[in-house]
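Contents: one structure, followed by commentary.
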Amino acid sequence: MDRYRFLMSGSGGQGVITMAILLAEAAAIYEGRNAVQSQSYGPEARGGATRSDVIVSDGPIYFPKVTQPNYLVALTNEAMGKYLPLIRPGGMCLYDSDLVQPDLRVDARRKGLPMHQAVLDTLGLPVAFNICVLGALAALTRVVSLGALEKVLESRFAPAHHKNNKTALHLGAELARPHVDD
Amino acid sequence: MSQRKSSRAGAGAKAAAAGHIHFVQGNEACVHGALYAGVSFFAGYPITPSTEIAEHLAERLPGIGGAFIQMEDEIGAMCAVCGAALAGAKAMTATSGPGFSLKQEAIGYACMAEIPCVVVNVQRAGPSTGLPTKVAQGDVNQARWGTHGDHSIVVLTASSVQDVFAITVEAFNIAEIYRTPVILLFDEVVGHMREKLIIPAPGELPVVERLRTAVKAGVNYHPYLPREDGRLPISDFGDVHRYNVTGLFHDIFGFPTENPEQVSKLVYHLVDKIENRSHLLARYKEFYLEDAEHILVSYGSSARSARHLVEGRRRKGDRIGLLELQTLWPFPAQVVREKTAHAKNVFVVEMNLGQVMAQVKQATAHPDRVFLVNRMDGMLVTPTDIGKVMRTVEGRGF
């Protein structure tokens, strides 16, 4: 595919925008593609509905927003309810199977993974939940390699976080592996 | 759940090496452009969606011998910029809607006292506090006429992260050459959007340095006595010359005057130094205009939507083109008139109720062929929005 349109959504504080930046940066800097990341958020810093759009393409990108995503990430029920109807027919939706119940009437490939619980079990804390989601998303879409994401994580975060980030990233990728479509 | 970053500003602002690919917001690109142009002073008061500019300069300026001050409000910030610029610094501030309103009095002072400085307004939806986190382009007329009295001013904009960098460098250059405040009128989408930025090597883009007086210490310096080429060399205020600066009409010494001849001469000078050079100040980009029957005129993030539509329709063989304005004031009327002379229809795409459209109508010989495609609801105008208006005008229904 020459154009990936991601819509990532959730609640302020879940790391949705950070996740989008990391994905776009990995594509733009380490995979040599074009990427544009933009966001939409309310005045509140925590708890409000958050959305970030990422377009990755080998060609130029003009309109920077995503109106019909190929790939939707929804980390709350509110986000799922609001954005699932926008998805392109046959598009893919990634969500946390413990936190979100998707609407089954929409034509989408649903990928519900217990990412939040897996992070809690492995790291003991919900930190890096968004990185786990990112790992799953990369495995499912192949838009960027895990190696590119590792490089971005190392350049963007303090060394103290590197180990947890890497663990969470690969945890997500492993959870997603059985669900990868050919 | 999201982890704390190694620094608020992130790796992008620190590793400002030339040639590398950076992945940054428009606001960060503005900071990189300002640093490239030699900014050494920033005073401001944080406001969404411009805050990243202050944040990054707060991190960068102290390390290069510059100064960052968060003032008590936007009025104080603009006054501090005037003072720093007169004292020899390349100075800037950044704000959004409500803060831009507050700065207007001191922007007028900078116009009158001919102080080179750069004012960034990353537009959000107004009036008043409006929609703090949402996009709009409603300050086009305020940027031109926000401060009172006859004056002129330069207003520039850009639609991509790379262009934000380049136009910021231009803004500082124009401020120095014409001794005027220059407004950088960005918008929330361009300010917050991240995409690639490649920082040019030093020397790759021209940087205009401050023109300082050759008058020696102990010899009378006339701050408002132009050279033969019309430019006014500055003596850094507080350095070797004592002189007066005022917002009142003034003579060549900088002292207040009510002499009608001097008053008239000064107001014409302030306006003519910019309006008479609108051809030199016109920055724009054009795409497929040679044979275009339908021409879109746009700027800022709206121009990205326009370009998206134009590229799509060109692939289908439609004769459609885009004129992207980067100079909004002085309005490049001649460029618009010439470029749209043979168009069947002109569509102005913007996120306000027609502020640039009014200028385009005035510029063209066929105002009845000029149509507005707009959106003023906090959302970026979409290619679909543009297509709908075009189909209606072309008589093809919705």
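Ligands are numbered from 1 in the order shown, residues from 1 within each chain, and chains are lettered A, B, ... in the order they appear in the structure tokens.
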task: Tell me which protein, DNA and RNA residues are within 7 Å of Ala108 in chain A, counting only C-alpha atoms, leaving out same-chain ones fewer than 4 positions away, and put them as a ChimeraX atom specification.
output: /A:89-93
Save the residues we just selected, C-alpha atoms, as a compact mmCIF listing (two decimals), in the first residue's frame?
# COMPACT_ATOMS: atom_id res chain seq x y z
CA PRO A 89 -14.65 -0.60 4.46
CA GLY A 90 -12.32 -3.49 5.23
CA GLY A 91 -10.06 -1.25 7.29
CA MET A 92 -8.47 -2.43 10.49
CA CYS A 93 -9.31 -1.49 14.03
Up to 8 Å from chain B, what residues of chain A turn up? Count only C-alpha atoms and give them as a PDB file with C-alpha atoms, in the first residue's frame.
ATOM      1  CA  GLY A  13      -3.019  10.954  29.356  1.00  0.00           C
ATOM      2  CA  GLN A  14      -3.077   7.547  27.652  1.00  0.00           C
ATOM      3  CA  GLY A  15      -0.204   8.546  25.407  1.00  0.00           C
ATOM      4  CA  THR A  18       3.024  10.395  21.837  1.00  0.00           C
ATOM      5  CA  ILE A  21       4.486  11.046  16.955  1.00  0.00           C
ATOM      6  CA  GLU A  25       8.880   9.868  13.195  1.00  0.00           C
ATOM      7  CA  ALA A  28       9.895   9.725   8.257  1.00  0.00           C
ATOM      8  CA  ILE A  29      13.389   9.459   9.679  1.00  0.00           C
ATOM      9  CA  ASN A  34       6.921  10.848   4.095  1.00  0.00           C
ATOM     10  CA  ALA A  35       4.829  11.255   7.187  1.00  0.00           C
ATOM     11  CA  VAL A  36       2.573  13.918   8.645  1.00  0.00           C
ATOM     12  CA  GLN A  37       1.238  13.828  12.178  1.00  0.00           C
ATOM     13  CA  SER A  38      -1.438  16.151  13.477  1.00  0.00           C
ATOM     14  CA  GLN A  39      -3.735  16.165  16.456  1.00  0.00           C
ATOM     15  CA  SER A  40      -7.019  17.325  17.753  1.00  0.00           C
ATOM     16  CA  TYR A  41      -7.626  17.814  21.420  1.00  0.00           C
ATOM     17  CA  GLY A  42      -9.702  19.842  23.820  1.00  0.00           C
ATOM     18  CA  PRO A  43      -8.549  22.455  26.341  1.00  0.00           C
ATOM     19  CA  ILE A  61       1.185  14.440   1.578  1.00  0.00           C
ATOM     20  CA  TYR A  62      -0.861  17.618   1.320  1.00  0.00           C
ATOM     21  CA  PHE A  63      -4.108  17.402   3.312  1.00  0.00           C
ATOM     22  CA  PRO A  64      -2.745  16.436   6.742  1.00  0.00           C
ATOM     23  CA  PRO A 126       0.628   0.544  33.225  1.00  0.00           C
ATOM     24  CA  VAL A 127       3.566   2.655  31.975  1.00  0.00           C
ATOM     25  CA  ALA A 128       4.438   2.033  28.351  1.00  0.00           C
ATOM     26  CA  PHE A 129       0.908   0.818  27.545  1.00  0.00           C
ATOM     27  CA  ASN A 130       1.004   3.105  24.511  1.00  0.00           C
ATOM     28  CA  SER A 155      16.314   9.009  20.735  1.00  0.00           C
ATOM     29  CA  ARG A 156      13.159  10.400  22.347  1.00  0.00           C
ATOM     30  CA  PHE A 157      13.271   8.959  25.869  1.00  0.00           C
ATOM     31  CA  ALA A 158      15.737   9.060  28.735  1.00  0.00           C
ATOM     32  CA  HIS A 161      12.964   4.122  30.130  1.00  0.00           C
TER      33      HIS A 161
END
field: All alpha helix (DSSP H) positions in range 20-140 of chain A, as an MDAnalysis selection string
entry: chainID A and resid 20:25 77:83 115:123 129:140
Export of prior selection with C-alpha atoms as an mmCIF file, in the first residue's frame:
data_model
loop_
_atom_site.group_PDB
_atom_site.id
_atom_site.type_symbol
_atom_site.label_atom_id
_atom_site.label_comp_id
_atom_site.auth_asym_id
_atom_site.auth_seq_id
_atom_site.Cartn_x
_atom_site.Cartn_y
_atom_site.Cartn_z
ATOM 1 C CA ALA A 20 1.344 8.891 16.911
ATOM 2 C CA ILE A 21 4.486 11.046 16.955
ATOM 3 C CA LEU A 22 6.710 8.005 17.486
ATOM 4 C CA LEU A 23 5.108 6.112 14.608
ATOM 5 C CA ALA A 24 5.319 9.065 12.212
ATOM 6 C CA GLU A 25 8.880 9.868 13.195
ATOM 7 C CA ASN A 77 -15.220 3.067 24.301
ATOM 8 C CA GLU A 78 -15.959 6.725 23.610
ATOM 9 C CA ALA A 79 -13.246 6.826 20.950
ATOM 10 C CA MET A 80 -14.420 3.567 19.450
ATOM 11 C CA GLY A 81 -18.018 4.763 19.223
ATOM 12 C CA LYS A 82 -16.998 8.047 17.659
ATOM 13 C CA TYR A 83 -14.445 6.889 15.113
ATOM 14 C CA MET A 115 -2.432 -5.167 25.795
ATOM 15 C CA HIS A 116 -3.153 -3.277 29.016
ATOM 16 C CA GLN A 117 -3.236 -6.453 31.101
ATOM 17 C CA ALA A 118 -0.112 -7.803 29.418
ATOM 18 C CA VAL A 119 1.800 -4.645 30.292
ATOM 19 C CA LEU A 120 0.570 -4.820 33.898
ATOM 20 C CA ASP A 121 1.574 -8.489 34.164
ATOM 21 C CA THR A 122 4.993 -7.962 32.637
ATOM 22 C CA LEU A 123 6.064 -4.553 33.927
ATOM 23 C CA PHE A 129 0.908 0.818 27.545
ATOM 24 C CA ASN A 130 1.004 3.105 24.511
ATOM 25 C CA ILE A 131 4.340 1.627 23.437
ATOM 26 C CA CYS A 132 2.810 -1.839 23.634
ATOM 27 C CA VAL A 133 -0.051 -0.676 21.386
ATOM 28 C CA LEU A 134 2.533 0.753 19.002
ATOM 29 C CA GLY A 135 4.350 -2.582 18.852
ATOM 30 C CA ALA A 136 1.075 -4.357 18.024
ATOM 31 C CA LEU A 137 0.208 -1.763 15.391
ATOM 32 C CA ALA A 138 3.605 -2.069 13.718
ATOM 33 C CA ALA A 139 3.319 -5.862 13.617
ATOM 34 C CA LEU A 140 -0.216 -5.759 12.194
#
field: Near-Ala74 in chain A list (7 Å; only C-alpha atoms; drop same-chain fewer than 5 positions) as an MDAnalysis selection string
entry: chainID A and resid 8:10 79:80 94:95
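If you look at CA of Ser264 in chain B and CA of Leu156 in chain B, they are 27.9 Å away from each other.
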query: Among range 31-218 of chain B, which ones does DSSP place in strand (DSSP E), written as a count of residues only?
result: 42
query: For Gly63 in chain B, which residue among B:Leu35, B:Cys82, B:Ile295, B:Gly44 is the nearest when counting only C-alpha atoms?
result: B:Leu35
- request: Can you pull out every residue within 10 Å of His179 in chain A, counting only C-alpha atoms, but drop anything in the same chain fewer than 3 positions away, and send it as a list in words?
  value: Arg110, Lys111, Gly112, Leu113, Ala136, Ala139, Leu140, Glu174, Leu175, Ala176 and Asp182 of chain A
Residues of the last selection are to be written out with C-alpha atoms, as an mmCIF file, in the first residue's frame.
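What follows is the written file again15.cif:
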data_model
loop_
_atom_site.group_PDB
_atom_site.id
_atom_site.type_symbol
_atom_site.label_atom_id
_atom_site.label_comp_id
_atom_site.auth_asym_id
_atom_site.auth_seq_id
_atom_site.Cartn_x
_atom_site.Cartn_y
_atom_site.Cartn_z
ATOM 1 C CA ARG A 110 -11.257 -6.072 14.451
ATOM 2 C CA LYS A 111 -8.080 -6.760 16.390
ATOM 3 C CA GLY A 112 -8.806 -6.839 20.097
ATOM 4 C CA LEU A 113 -5.712 -7.624 22.155
ATOM 5 C CA ALA A 136 1.075 -4.357 18.024
ATOM 6 C CA ALA A 139 3.319 -5.862 13.617
ATOM 7 C CA LEU A 140 -0.216 -5.759 12.194
ATOM 8 C CA GLU A 174 4.075 -10.769 20.050
ATOM 9 C CA LEU A 175 0.425 -10.356 21.048
ATOM 10 C CA ALA A 176 -0.380 -9.232 17.518
ATOM 11 C CA ASP A 182 -1.562 -12.060 4.955
#
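Comparing A:Arg142, A:Gly172, A:Arg33, A:Lys166 by their smallest distance to Asp96 in chain A, the closest is A:Gly172 (using only C-alpha atoms).
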message: With only C-alpha atoms as the counted atoms, please give the residues lying no more than 9 Å from Thr67 in chain A, apart from itself and same-chain residues fewer than 3 positions off, as number ranges by chain.
response: A: 5, 7, 86-87; B: 382
- prompt: Which distance in Å separates CA of Glu394 in chain B and CA of Asp318 in chain B, to one decimal?
  reply: 12.7 Å
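The closest residue to Phe237 in chain B, picked from B:His279, B:Lys285, B:Lys388, B:Arg212 and counting only C-alpha atoms, is B:Arg212.
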